[in-house]
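The file protein_27.txt contains compact mmCIF, C-alpha atoms and all ligand atoms:
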```
# COMPACT_ATOMS: atom_id res chain seq x y z
CA MET A 726 -46.33 -23.13 -8.55
CA PRO A 727 -49.57 -21.32 -7.57
CA ILE A 728 -49.80 -17.83 -8.97
CA ARG A 729 -50.02 -16.13 -5.59
CA ARG A 730 -46.80 -17.70 -4.33
CA ARG A 731 -45.09 -16.59 -7.49
CA ALA A 732 -46.30 -13.01 -6.97
CA VAL A 733 -44.95 -13.01 -3.40
CA LEU A 734 -41.58 -14.33 -4.58
CA GLY A 735 -41.50 -11.71 -7.31
CA ALA A 736 -42.22 -8.97 -4.80
CA SER A 737 -39.46 -10.06 -2.44
CA LEU A 738 -37.02 -10.32 -5.32
CA LEU A 739 -37.92 -6.78 -6.28
CA ALA A 740 -37.43 -5.62 -2.71
CA ALA A 741 -34.02 -7.30 -2.65
CA ARG A 742 -33.09 -5.54 -5.88
CA ARG A 743 -34.23 -2.23 -4.47
CA ALA A 744 -32.23 -2.78 -1.32
CA ALA A 745 -29.20 -3.55 -3.45
CA ALA A 746 -29.79 -0.45 -5.52
CA GLN A 747 -29.96 1.68 -2.40
CA GLU A 748 -26.77 0.17 -1.10
CA LEU A 749 -23.87 2.59 -1.16
CA PRO A 750 -21.85 2.51 -4.38
CA PRO A 751 -18.36 0.98 -4.36
CA LEU A 752 -15.52 2.90 -2.70
CA ARG A 753 -13.88 3.67 -6.04
CA GLU A 754 -17.02 5.59 -7.03
CA ILE A 755 -17.44 7.42 -3.73
CA ALA A 756 -13.77 8.42 -3.82
CA ALA A 757 -13.80 9.42 -7.50
CA ARG A 758 -16.60 11.94 -6.88
CA ARG A 759 -14.10 13.88 -4.75
CA GLY A 760 -11.20 13.41 -7.13
CA ILE A 761 -9.67 10.69 -4.97
CA GLY A 762 -8.20 7.47 -6.31
CA PHE A 763 -8.97 4.45 -4.14
CA GLY A 764 -7.29 1.11 -4.57
CA THR A 765 -5.79 -1.98 -3.03
CA ALA A 766 -2.83 -4.34 -3.12
CA ILE A 767 -3.46 -7.69 -4.79
CA HIS A 768 -1.87 -11.09 -5.41
CA ALA A 769 -1.93 -12.40 -8.99
CA ARG A 770 -2.13 -16.01 -7.83
CA LEU A 771 -5.51 -15.39 -6.11
CA LEU A 772 -7.27 -13.68 -9.02
CA GLY A 773 -8.87 -16.98 -10.07
CA GLU A 774 -10.86 -17.12 -6.80
CA ALA A 775 -14.14 -15.25 -7.26
CA ALA A 776 -14.51 -14.48 -3.54
CA TYR A 777 -11.14 -12.73 -3.70
CA ALA A 778 -11.34 -11.10 -7.10
CA ALA A 779 -14.95 -9.89 -7.40
CA PRO A 780 -14.81 -7.30 -4.59
CA ILE A 781 -11.46 -6.06 -5.93
CA ALA A 782 -12.93 -5.57 -9.39
CA ARG A 783 -15.89 -3.73 -7.88
CA GLU A 784 -14.33 -1.54 -5.16
CA ALA A 785 -10.88 -0.52 -6.48
CA ALA A 786 -9.83 1.98 -9.14
CA LEU A 787 -6.13 1.32 -8.47
CA LEU A 788 -4.19 -1.89 -7.99
CA VAL A 789 -0.71 -2.49 -6.66
CA PRO A 790 0.98 -5.89 -6.78
CA GLU A 791 1.92 -7.25 -3.33
CA GLY A 792 4.99 -8.98 -4.76
CA GLU A 793 4.83 -9.24 -8.53
CA ALA A 794 6.68 -5.99 -9.23
CA LYS A 795 9.47 -6.55 -6.72
CA TRP A 796 13.01 -7.16 -7.91
CA ASP A 797 13.03 -10.94 -7.55
CA SER A 798 9.92 -11.17 -9.75
CA LEU A 799 11.04 -8.72 -12.43
CA GLN A 800 14.71 -9.67 -12.79
CA PRO A 801 15.14 -13.12 -11.26
CA ARG A 802 18.40 -13.65 -13.11
CA GLU A 803 20.77 -10.93 -14.16
CA GLY A 804 19.66 -9.42 -17.42
CA ARG A 805 16.47 -11.50 -17.66
CA PHE A 806 13.70 -8.92 -17.30
CA THR A 807 10.22 -10.41 -17.23
CA LEU A 808 6.64 -9.33 -16.57
CA GLU A 809 5.49 -12.96 -16.33
CA GLU A 810 4.20 -12.61 -12.76
CA LEU A 811 2.93 -9.07 -13.22
CA GLU A 812 1.08 -9.57 -16.51
CA PRO A 813 -2.07 -11.18 -14.97
CA ILE A 814 -2.47 -8.09 -12.77
CA LEU A 815 -2.06 -5.73 -15.73
CA ARG A 816 -4.67 -7.73 -17.67
CA PHE A 817 -7.11 -7.82 -14.73
CA ALA A 818 -6.70 -4.06 -14.37
CA ASP A 819 -7.43 -3.51 -18.08
CA ARG A 820 -10.60 -5.58 -17.84
CA ASN A 821 -11.81 -3.59 -14.84
CA ALA A 822 -10.72 -0.10 -15.94
CA GLN A 823 -8.16 0.11 -13.14
CA ALA A 824 -4.72 1.73 -13.04
CA VAL A 825 -1.72 -0.18 -11.67
CA ARG A 826 0.91 1.32 -9.34
CA GLY A 827 4.42 -0.06 -9.42
CA HIS A 828 5.91 -1.37 -6.17
CA THR A 829 8.88 -1.32 -5.95
CA LEU A 830 12.05 -0.71 -7.95
CA VAL A 831 14.65 -0.51 -5.15
CA TRP A 832 14.21 -2.08 -1.70
CA HIS A 833 16.49 -3.71 0.85
CA THR A 834 14.73 -7.06 0.49
CA ALA A 835 12.87 -9.22 -2.10
CA LEU A 836 16.20 -9.35 -3.94
CA PRO A 837 17.26 -12.44 -5.87
CA ALA A 838 20.38 -14.33 -4.76
CA TRP A 839 22.47 -12.92 -7.62
CA VAL A 840 22.04 -9.38 -6.23
CA TRP A 841 22.90 -10.41 -2.67
CA GLN A 842 26.01 -12.10 -3.99
CA ALA A 843 27.20 -9.25 -6.21
CA PRO A 844 30.41 -7.49 -5.11
CA ALA A 845 29.71 -3.99 -3.72
CA PRO A 846 31.43 -2.08 -6.57
CA ARG A 847 28.98 -3.65 -9.05
CA LEU A 848 25.85 -2.48 -7.19
CA ARG A 849 25.68 0.97 -8.78
CA GLY A 850 25.51 -0.51 -12.26
CA ILE A 851 23.12 -3.23 -11.13
CA LEU A 852 20.71 -0.67 -9.65
CA GLU A 853 20.79 1.50 -12.78
CA ALA A 854 20.25 -1.49 -15.06
CA HIS A 855 17.31 -2.72 -13.00
CA VAL A 856 15.48 0.61 -12.88
CA ALA A 857 16.05 1.27 -16.58
CA GLY A 858 15.27 -2.31 -17.63
CA VAL A 859 12.00 -2.51 -15.70
CA LEU A 860 10.74 0.90 -16.78
CA ALA A 861 11.51 0.09 -20.41
CA LEU A 862 8.94 -2.72 -20.05
CA THR A 863 6.30 -0.88 -18.01
CA ARG A 864 6.46 2.57 -19.60
CA GLY A 865 2.97 3.57 -20.72
CA ARG A 866 1.35 0.84 -18.61
CA ILE A 867 2.33 1.93 -15.10
CA ALA A 868 2.30 5.65 -14.41
CA ASP A 869 3.03 5.70 -10.67
CA TRP A 870 6.10 3.99 -9.18
CA ASP A 871 7.50 3.45 -5.73
CA VAL A 872 11.07 4.03 -6.88
CA VAL A 873 12.61 3.41 -3.46
CA ASN A 874 10.85 1.61 -0.61
CA GLU A 875 11.67 2.01 3.09
CA PRO A 876 15.00 3.86 2.89
CA ILE A 877 14.70 5.51 6.31
CA ALA A 878 16.21 3.85 9.39
CA ASP A 879 13.95 3.08 12.35
CA PRO A 880 15.19 5.25 15.24
CA ASP A 881 15.04 2.36 17.73
CA VAL A 882 17.19 0.20 15.42
CA LEU A 883 19.73 2.83 14.33
CA PRO A 884 19.67 5.79 16.71
CA HIS A 885 22.38 7.78 14.93
CA GLN A 886 21.75 7.59 11.20
CA ASP A 887 18.88 8.58 8.91
CA LEU A 888 19.47 5.91 6.29
CA ARG A 889 18.48 2.29 6.74
CA ASP A 890 21.36 -0.14 6.60
CA SER A 891 21.01 -1.93 3.23
CA ILE A 892 23.31 -3.21 0.52
CA TRP A 893 22.47 -0.03 -1.41
CA ALA A 894 23.26 2.34 1.45
CA ARG A 895 26.49 0.49 2.24
CA ALA A 896 27.67 0.69 -1.34
CA MET A 897 26.58 4.24 -2.19
CA GLY A 898 25.30 6.11 0.87
CA GLU A 899 22.43 8.52 0.17
CA GLY A 900 23.64 8.71 -3.41
CA TYR A 901 21.73 5.52 -4.19
CA LEU A 902 18.46 7.40 -3.71
CA ASP A 903 19.43 10.09 -6.21
CA LEU A 904 20.70 7.48 -8.64
CA ALA A 905 17.44 5.49 -8.47
CA PHE A 906 15.27 8.57 -9.06
CA ARG A 907 17.47 10.03 -11.81
CA THR A 908 17.61 6.73 -13.63
CA ALA A 909 13.84 6.34 -13.31
CA ARG A 910 13.24 9.85 -14.65
CA ALA A 911 15.43 9.20 -17.67
CA ALA A 912 13.83 5.81 -18.38
CA ASP A 913 10.21 6.97 -17.99
CA PRO A 914 9.74 10.73 -18.21
CA ALA A 915 5.98 10.46 -17.63
CA ALA A 916 5.80 8.32 -14.47
CA ARG A 917 5.23 9.85 -11.03
CA LEU A 918 8.27 8.93 -8.94
CA VAL A 919 7.48 8.09 -5.32
CA LEU A 920 9.54 7.44 -2.20
CA ASN A 921 7.59 5.08 0.07
CA ASP A 922 8.05 4.40 3.79
CA TYR A 923 6.35 3.35 7.04
CA GLY A 924 6.23 4.38 10.68
CA LEU A 925 5.28 7.97 9.82
CA GLU A 926 1.76 8.39 11.22
CA ALA A 927 1.73 7.89 14.98
CA SER A 928 1.91 10.52 17.72
CA TRP A 929 4.92 9.32 19.64
CA PRO A 930 8.64 10.12 19.72
CA ARG A 931 9.68 7.29 17.43
CA ALA A 932 7.43 8.57 14.64
CA ASP A 933 8.46 12.20 15.32
CA GLU A 934 12.05 11.14 14.74
CA LYS A 935 11.26 9.05 11.66
CA ARG A 936 9.34 11.98 10.13
CA ALA A 937 12.29 14.29 10.86
CA ARG A 938 14.67 11.80 9.23
CA LEU A 939 12.54 11.50 6.11
CA LEU A 940 12.23 15.28 5.81
CA ARG A 941 16.02 15.64 6.12
CA VAL A 942 16.69 13.01 3.49
CA LEU A 943 14.12 14.53 1.11
CA ARG A 944 15.55 18.03 1.55
CA GLY A 945 18.97 16.64 0.68
CA MET A 946 17.62 14.89 -2.42
CA LEU A 947 15.65 17.89 -3.64
CA GLY A 948 18.62 20.15 -2.95
CA ARG A 949 20.75 17.93 -5.18
CA GLY A 950 18.06 17.99 -7.86
CA ALA A 951 16.92 14.37 -7.52
CA PRO A 952 13.51 14.08 -9.23
CA VAL A 953 11.42 12.76 -6.32
CA GLN A 954 7.80 13.85 -6.80
CA ALA A 955 5.79 12.22 -4.07
CA VAL A 956 5.93 10.46 -0.74
CA GLY A 957 4.01 7.26 -0.16
CA ILE A 958 2.99 6.83 3.44
CA GLN A 959 2.41 3.15 4.01
CA ALA A 960 0.07 3.59 6.99
CA HIS A 961 0.28 0.10 8.43
CA MET A 962 -1.08 1.37 11.72
CA PRO A 963 -0.59 -0.43 15.00
CA LEU A 964 -3.54 0.38 17.27
CA ASP A 965 -1.27 0.37 20.30
CA GLN A 966 0.59 3.40 18.93
CA PRO A 967 -1.29 6.62 19.71
CA PHE A 968 -2.60 8.74 16.85
CA ALA A 969 -3.56 12.40 16.97
CA PRO A 970 -4.17 14.31 13.75
CA SER A 971 -2.02 17.39 14.36
CA PRO A 972 1.58 16.08 14.22
CA PHE A 973 0.71 13.96 11.18
CA ALA A 974 -1.05 16.90 9.50
CA ALA A 975 1.91 19.19 10.18
CA PHE A 976 4.24 16.62 8.61
CA LEU A 977 2.04 16.35 5.51
CA ARG A 978 1.98 20.13 5.21
CA GLN A 979 5.79 20.16 5.26
CA LEU A 980 5.88 17.59 2.46
CA ARG A 981 3.35 19.56 0.41
CA ALA A 982 5.31 22.77 1.00
CA MET A 983 8.31 21.02 -0.57
CA GLY A 984 6.21 20.52 -3.70
CA LEU A 985 5.60 16.81 -3.08
CA ASP A 986 2.38 14.83 -3.52
CA VAL A 987 1.40 12.58 -0.64
CA LEU A 988 -0.26 9.18 -0.97
CA LEU A 989 -1.46 6.61 1.54
CA THR A 990 -0.12 3.46 -0.07
CA GLU A 991 -0.56 0.44 2.23
CA LEU A 992 -3.30 1.22 4.72
CA ASP A 993 -4.30 -1.42 7.26
CA VAL A 994 -4.85 -1.42 11.01
CA ILE A 995 -2.82 -3.73 13.24
CA GLU A 996 -4.49 -4.88 16.45
CA PRO A 997 -2.30 -5.86 19.39
CA ALA A 998 -1.58 -9.60 19.14
CA GLY A 999 -3.48 -10.09 22.40
CA ALA A 1000 -6.76 -8.60 21.06
CA PRO A 1001 -9.77 -10.38 22.59
CA LEU A 1002 -11.12 -13.33 20.70
CA ARG A 1003 -14.73 -13.82 21.68
CA GLU A 1004 -17.37 -13.38 19.01
CA GLU A 1005 -18.99 -10.64 21.10
CA ASP A 1006 -15.76 -8.60 21.06
CA ILE A 1007 -15.75 -8.23 17.27
CA PRO A 1008 -18.00 -5.14 17.11
CA ALA A 1009 -15.74 -3.23 19.52
CA ARG A 1010 -12.60 -4.36 17.69
CA ASP A 1011 -14.06 -3.37 14.32
CA ALA A 1012 -15.11 0.01 15.70
CA ALA A 1013 -11.57 0.73 16.93
CA VAL A 1014 -10.06 -0.30 13.59
CA ALA A 1015 -12.58 1.86 11.72
CA ALA A 1016 -11.97 4.88 13.97
CA ARG A 1017 -8.22 4.72 13.38
CA ALA A 1018 -8.62 4.34 9.61
CA HIS A 1019 -11.04 7.27 9.54
CA ALA A 1020 -8.75 9.51 11.60
CA VAL A 1021 -5.67 8.86 9.46
CA VAL A 1022 -7.41 8.98 6.08
CA SER A 1023 -9.44 12.10 6.81
CA THR A 1024 -6.33 13.88 8.11
CA ALA A 1025 -4.42 12.94 4.95
CA LEU A 1026 -7.26 14.01 2.66
CA ALA A 1027 -7.58 17.35 4.46
CA GLU A 1028 -3.88 17.92 3.72
CA GLY A 1029 -4.22 17.25 0.01
CA CYS A 1030 -3.65 13.50 -0.30
CA ARG A 1031 -5.61 12.24 -3.34
CA THR A 1032 -4.55 8.58 -3.49
CA VAL A 1033 -5.46 5.96 -0.91
CA LEU A 1034 -4.69 2.25 -1.15
CA THR A 1035 -5.33 -0.45 1.42
CA TRP A 1036 -2.88 -3.35 1.64
CA GLY A 1037 -5.44 -5.94 0.62
CA LEU A 1038 -9.21 -5.49 0.68
CA ALA A 1039 -10.58 -8.39 2.73
CA ASP A 1040 -9.32 -9.80 6.04
CA PRO A 1041 -8.62 -13.45 5.15
CA TRP A 1042 -6.03 -12.43 2.57
CA SER A 1043 -4.27 -9.74 4.62
CA TRP A 1044 -0.48 -10.13 4.81
CA LEU A 1045 -0.90 -9.48 8.56
CA ASN A 1046 -2.24 -13.03 8.98
CA LEU A 1047 1.30 -14.20 8.17
CA TRP A 1048 3.56 -11.36 9.37
CA PRO A 1049 5.06 -12.55 12.67
CA PRO A 1050 4.63 -9.30 14.69
CA ALA A 1051 0.91 -9.11 13.80
CA ARG A 1052 0.02 -12.78 13.40
CA ARG A 1053 -2.41 -13.99 16.05
CA PRO A 1054 -0.84 -16.75 18.17
CA ASP A 1055 -4.18 -18.61 18.11
CA GLY A 1056 -4.34 -18.45 14.30
CA ALA A 1057 -7.45 -16.22 14.38
CA GLU A 1058 -7.98 -13.95 11.39
CA VAL A 1059 -6.92 -10.30 11.64
CA ARG A 1060 -9.63 -7.65 11.17
CA ALA A 1061 -7.40 -5.07 9.52
CA LEU A 1062 -9.23 -4.38 6.24
CA PRO A 1063 -12.52 -2.99 4.85
CA LEU A 1064 -14.22 -6.30 3.94
CA ASP A 1065 -14.65 -9.70 5.56
CA GLY A 1066 -14.09 -12.99 3.73
CA ALA A 1067 -17.68 -13.06 2.45
CA GLY A 1068 -17.23 -9.64 0.84
CA ARG A 1069 -19.37 -7.94 3.51
CA ARG A 1070 -18.59 -4.30 4.21
CA LYS A 1071 -17.14 -3.86 7.70
CA PRO A 1072 -17.13 -0.68 9.78
CA MET A 1073 -13.74 0.16 8.23
CA TRP A 1074 -15.37 0.21 4.78
CA HIS A 1075 -17.94 2.73 6.04
CA ALA A 1076 -15.19 4.75 7.74
CA LEU A 1077 -13.37 5.08 4.41
CA ALA A 1078 -16.60 6.00 2.62
CA ARG A 1079 -17.25 8.73 5.21
CA ALA A 1080 -13.69 10.03 4.96
CA PHE A 1081 -13.94 10.18 1.14
CA GLU A 1082 -17.23 12.07 1.44
CA GLY A 1083 -15.55 14.55 3.77
CA ARG A 1084 -17.61 13.45 6.80
C1 LIG A 1101 4.47 -7.77 1.76
C2 LIG A 1101 3.43 -8.60 1.02
O1 LIG A 1101 2.15 -8.20 1.41
C3 LIG A 1101 3.64 -10.05 1.29
O2 LIG A 1101 2.75 -10.82 0.50
C4 LIG A 1101 5.09 -10.42 0.99
O3 LIG A 1101 5.31 -11.74 1.34
C5 LIG A 1101 6.04 -9.55 1.76
O4 LIG A 1101 5.77 -8.20 1.46
N1 LIG A 1101 5.64 -3.04 3.35
C6 LIG A 1101 5.79 -3.11 1.98
C7 LIG A 1101 5.23 -4.26 1.24
O5 LIG A 1101 6.28 -2.15 1.37
O6 LIG A 1101 6.00 -4.58 0.11
C8 LIG A 1101 5.07 -5.48 2.11
O7 LIG A 1101 4.36 -6.44 1.35
C9 LIG A 1101 4.35 -5.13 3.38
C10 LIG A 1101 5.10 -4.09 4.17
```
Rewrite the coordinates I just gave you, this time as structure tokens.
Amino acid sequence: MPIRRRAVLGASLLAARRAAAQELPPLREIAARRGIGFGTAIHARLLGEAAYAAPIAREAALLVPEGEAKWDSLQPREGRFTLEELEPILRFADRNAQAVRGHTLVWHTALPAWVWQAPAPRLRGILEAHVAGVLALTRGRIADWDVVNEPIADPDVLPHQDLRDSIWARAMGEGYLDLAFRTARAADPAARLVLNDYGLEASWPRADEKRARLLRVLRGMLGRGAPVQAVGIQAHMPLDQPFAPSPFAAFLRQLRAMGLDVLLTELDVIEPAGAPLREEDIPARDAAVAARAHAVVSTALAEGCRTVLTWGLADPWSWLNLWPPARRPDGAEVRALPLDGAGRRKPMWHALARAFEGR
């Protein structure tokens, strides 16, 4: 190759390197500068795909398994506790200096058949054994646990009761919440014990009522001495629900005044299923998604939230591509997350960066 051509190539390579160097650092770094932990939910079975795993290694300081720490993975048969499915995530996290959150010890679903089939009087013992058995295996490796997921009833489904209808609630009433948290505290004195739920962000009556229900249930638990330490706000946010910062901020202040930490645990933005499809509509769609993410995250951070996780990092692998209420009838990919399938940073990525920087 003639020398001159080589010099030109060298110069453009240098320019490319410089451009890369000037590129914003990963979200985990931007967040960490402000004392914020940023992370994402992941699937163990996809970690072998570089397009999936490389951005997760780069951008996230925290990982949470999408399914590998649910009951059916951790105790598929009674008394057989196993980290088989979770272990690849714990190893990936070690390699990339990431912490792993646990999700979730007690939930109304993702239960193996043997739990569904158990007679109601056995459920108290089954719940205790699960919480204690799992934490005996994860103690020292997972320091942040969603102890109970989604215990609050949706007001449109159950207008007259705070507690979701589940096998746990039927067998024990609100007492199952206390039991789960007390058992967790005894089994792992160092872990942060979190109650996680959804439908808590929007500015409309249904969310007002769900927030009120959660506050009532938490006051009851704290009054009885149940060791709940934090509330995880899932923040799966439908764009067709209005959002204004003040009711959400007021709710977060109430939680903080009760001595609880707040986390955003499952952030993504759900477009209406009829969102326009043309290529030229994508910038407007991405801008709306980014604006909502920015509004919710900056409100939470202003109220003392220091942990933010998105539910997945890149659009092609979002659970919303499969979840019937969000799935696009035409099969088109959702645009709910910070990155696209090629690892490119979308407006939502920049919205999170700005929120972390306090802008
Ligand atoms: C979802 C996972 O993303 C899916 O892969 C799985 O099939 C079903 O569960 N709220 C929660 C999460 O708390 O556990 C759910 O995760 C998404 C909604």
Counting all atoms listed in the file, the residue of A:Arg936, A:Arg1031, A:Arg849, A:His828 that sits nearest ligand LIG 1101 (chain A)
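Checking each of A:Arg936, A:Arg1031, A:Arg849, A:His828 against ligand LIG 1101 (chain A), counting all atoms listed in the file, the winner is A:His828.
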Can you tell me which residues surround stretch 964-981 of chain A at a distance of at most 8 Å, considering all atoms listed in the file, apart from same-chain residues fewer than 6 positions away, and format the answer as an NGL selection string?
:A and (925-929 or 933 or 936 or 940 or 956 or 987 or 994-997 or 1014 or 1017 or 1020-1021 or 1024-1025 or 1028-1029)
Would you mind exporting C-alpha atoms of the selected residues as a PDB file, in the coordinates of the input?
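Output (again_30.pdb):
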```pdb
ATOM      1  CA  LEU A 925       5.280   7.970   9.820  1.00  0.00           C
ATOM      2  CA  GLU A 926       1.760   8.390  11.220  1.00  0.00           C
ATOM      3  CA  ALA A 927       1.730   7.890  14.980  1.00  0.00           C
ATOM      4  CA  SER A 928       1.910  10.520  17.720  1.00  0.00           C
ATOM      5  CA  TRP A 929       4.920   9.320  19.640  1.00  0.00           C
ATOM      6  CA  ASP A 933       8.460  12.200  15.320  1.00  0.00           C
ATOM      7  CA  ARG A 936       9.340  11.980  10.130  1.00  0.00           C
ATOM      8  CA  LEU A 940      12.230  15.280   5.810  1.00  0.00           C
ATOM      9  CA  VAL A 956       5.930  10.460  -0.740  1.00  0.00           C
ATOM     10  CA  VAL A 987       1.400  12.580  -0.640  1.00  0.00           C
ATOM     11  CA  VAL A 994      -4.850  -1.420  11.010  1.00  0.00           C
ATOM     12  CA  ILE A 995      -2.820  -3.730  13.240  1.00  0.00           C
ATOM     13  CA  GLU A 996      -4.490  -4.880  16.450  1.00  0.00           C
ATOM     14  CA  PRO A 997      -2.300  -5.860  19.390  1.00  0.00           C
ATOM     15  CA  VAL A1014     -10.060  -0.300  13.590  1.00  0.00           C
ATOM     16  CA  ARG A1017      -8.220   4.720  13.380  1.00  0.00           C
ATOM     17  CA  ALA A1020      -8.750   9.510  11.600  1.00  0.00           C
ATOM     18  CA  VAL A1021      -5.670   8.860   9.460  1.00  0.00           C
ATOM     19  CA  THR A1024      -6.330  13.880   8.110  1.00  0.00           C
ATOM     20  CA  ALA A1025      -4.420  12.940   4.950  1.00  0.00           C
ATOM     21  CA  GLU A1028      -3.880  17.920   3.720  1.00  0.00           C
ATOM     22  CA  GLY A1029      -4.220  17.250   0.010  1.00  0.00           C
TER      23      GLY A1029
END
```
Would you mind listing the residues within 6 Å of ligand LIG 1101 (chain A), counting all atoms listed in the file, as a VMD selection string?
chain A and resid 791 to 792 1044
Can you tell me, as a list in words, which residues sit within 9 Å of (10.4, -0.5, -8.5) in the file's frame, using all atoms listed in the file?
Ala794, Lys795, Trp796, Gly827, His828, Thr829, Leu830, Val831, Trp832, His855, Val856, Val859, Leu860, Trp870, Asp871, Val872, Val873 and Asn874 of chain A
Which distance in Å separates atom CA of A:Glu991 and atom CA of A:Tyr923, to one decimal?
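One can read the atom CA of A:Glu991 to atom CA of A:Tyr923 distance as 8.9 Å.
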Show me, as JSON lines, the residues of stretch 963-1033 of chain A having an atom within 10 Å of stretch 1070-1077 of chain A, each with the closest atom pair and its distance in Å, using only C-alpha atoms.
```
{"residue": "A:Asp993", "atom": "CA", "partner": "A:Met1073", "partner_atom": "CA", "distance": 9.6}
{"residue": "A:Val994", "atom": "CA", "partner": "A:Met1073", "partner_atom": "CA", "distance": 9.4}
{"residue": "A:Pro1008", "atom": "CA", "partner": "A:Pro1072", "partner_atom": "CA", "distance": 8.6}
{"residue": "A:Arg1010", "atom": "CA", "partner": "A:Pro1072", "partner_atom": "CA", "distance": 9.8}
{"residue": "A:Asp1011", "atom": "CA", "partner": "A:Pro1072", "partner_atom": "CA", "distance": 6.1}
{"residue": "A:Ala1012", "atom": "CA", "partner": "A:Pro1072", "partner_atom": "CA", "distance": 6.3}
{"residue": "A:Ala1013", "atom": "CA", "partner": "A:Met1073", "partner_atom": "CA", "distance": 9.0}
{"residue": "A:Val1014", "atom": "CA", "partner": "A:Met1073", "partner_atom": "CA", "distance": 6.5}
{"residue": "A:Ala1015", "atom": "CA", "partner": "A:Met1073", "partner_atom": "CA", "distance": 4.1}
{"residue": "A:Ala1016", "atom": "CA", "partner": "A:Ala1076", "partner_atom": "CA", "distance": 7.0}
{"residue": "A:Arg1017", "atom": "CA", "partner": "A:Met1073", "partner_atom": "CA", "distance": 8.8}
{"residue": "A:Ala1018", "atom": "CA", "partner": "A:Met1073", "partner_atom": "CA", "distance": 6.8}
{"residue": "A:His1019", "atom": "CA", "partner": "A:Ala1076", "partner_atom": "CA", "distance": 5.2}
{"residue": "A:Ala1020", "atom": "CA", "partner": "A:Ala1076", "partner_atom": "CA", "distance": 8.9}
{"residue": "A:Val1021", "atom": "CA", "partner": "A:Leu1077", "partner_atom": "CA", "distance": 10.0}
{"residue": "A:Val1022", "atom": "CA", "partner": "A:Leu1077", "partner_atom": "CA", "distance": 7.3}
{"residue": "A:Ser1023", "atom": "CA", "partner": "A:Leu1077", "partner_atom": "CA", "distance": 8.4}
{"residue": "A:Val1033", "atom": "CA", "partner": "A:Leu1077", "partner_atom": "CA", "distance": 9.6}
```
Neighbour list for A:Thr807 as a PDB file with C-alpha atoms, keeping the file's coordinate frame, cut-off 8 Å, all atoms listed in the file, skip fewer than 6 positions in-chain:
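Everything below was put into around38.pdb:
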```pdb
ATOM      1  CA  SER A 798       9.920 -11.170  -9.750  1.00  0.00           C
ATOM      2  CA  LEU A 799      11.040  -8.720 -12.430  1.00  0.00           C
ATOM      3  CA  GLN A 800      14.710  -9.670 -12.790  1.00  0.00           C
TER       4      GLN A 800
END
```
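Of the listed residues (A:Ala776, A:Leu992, A:Ala1000, A:Leu1064), A:Leu992 comes nearest to A:Phe763; the distances count all atoms listed in the file.
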How many Å separate atom CA of A:Ala909 from atom CA of A:Leu947?
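It comes out at 15.2 Å.
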Between atom CA of A:Ile1007 and atom CA of A:Pro1049, what is the distance in Å, rounded to a tenth?
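Computing the Euclidean distance for atom CA of A:Ile1007 and atom CA of A:Pro1049 yields 21.7 Å.
The residue that comes closest to A:Leu788, out of A:Ile755, A:Leu771, A:Ile892, A:Leu1034 and on the basis of only C-alpha atoms, is A:Leu1034.
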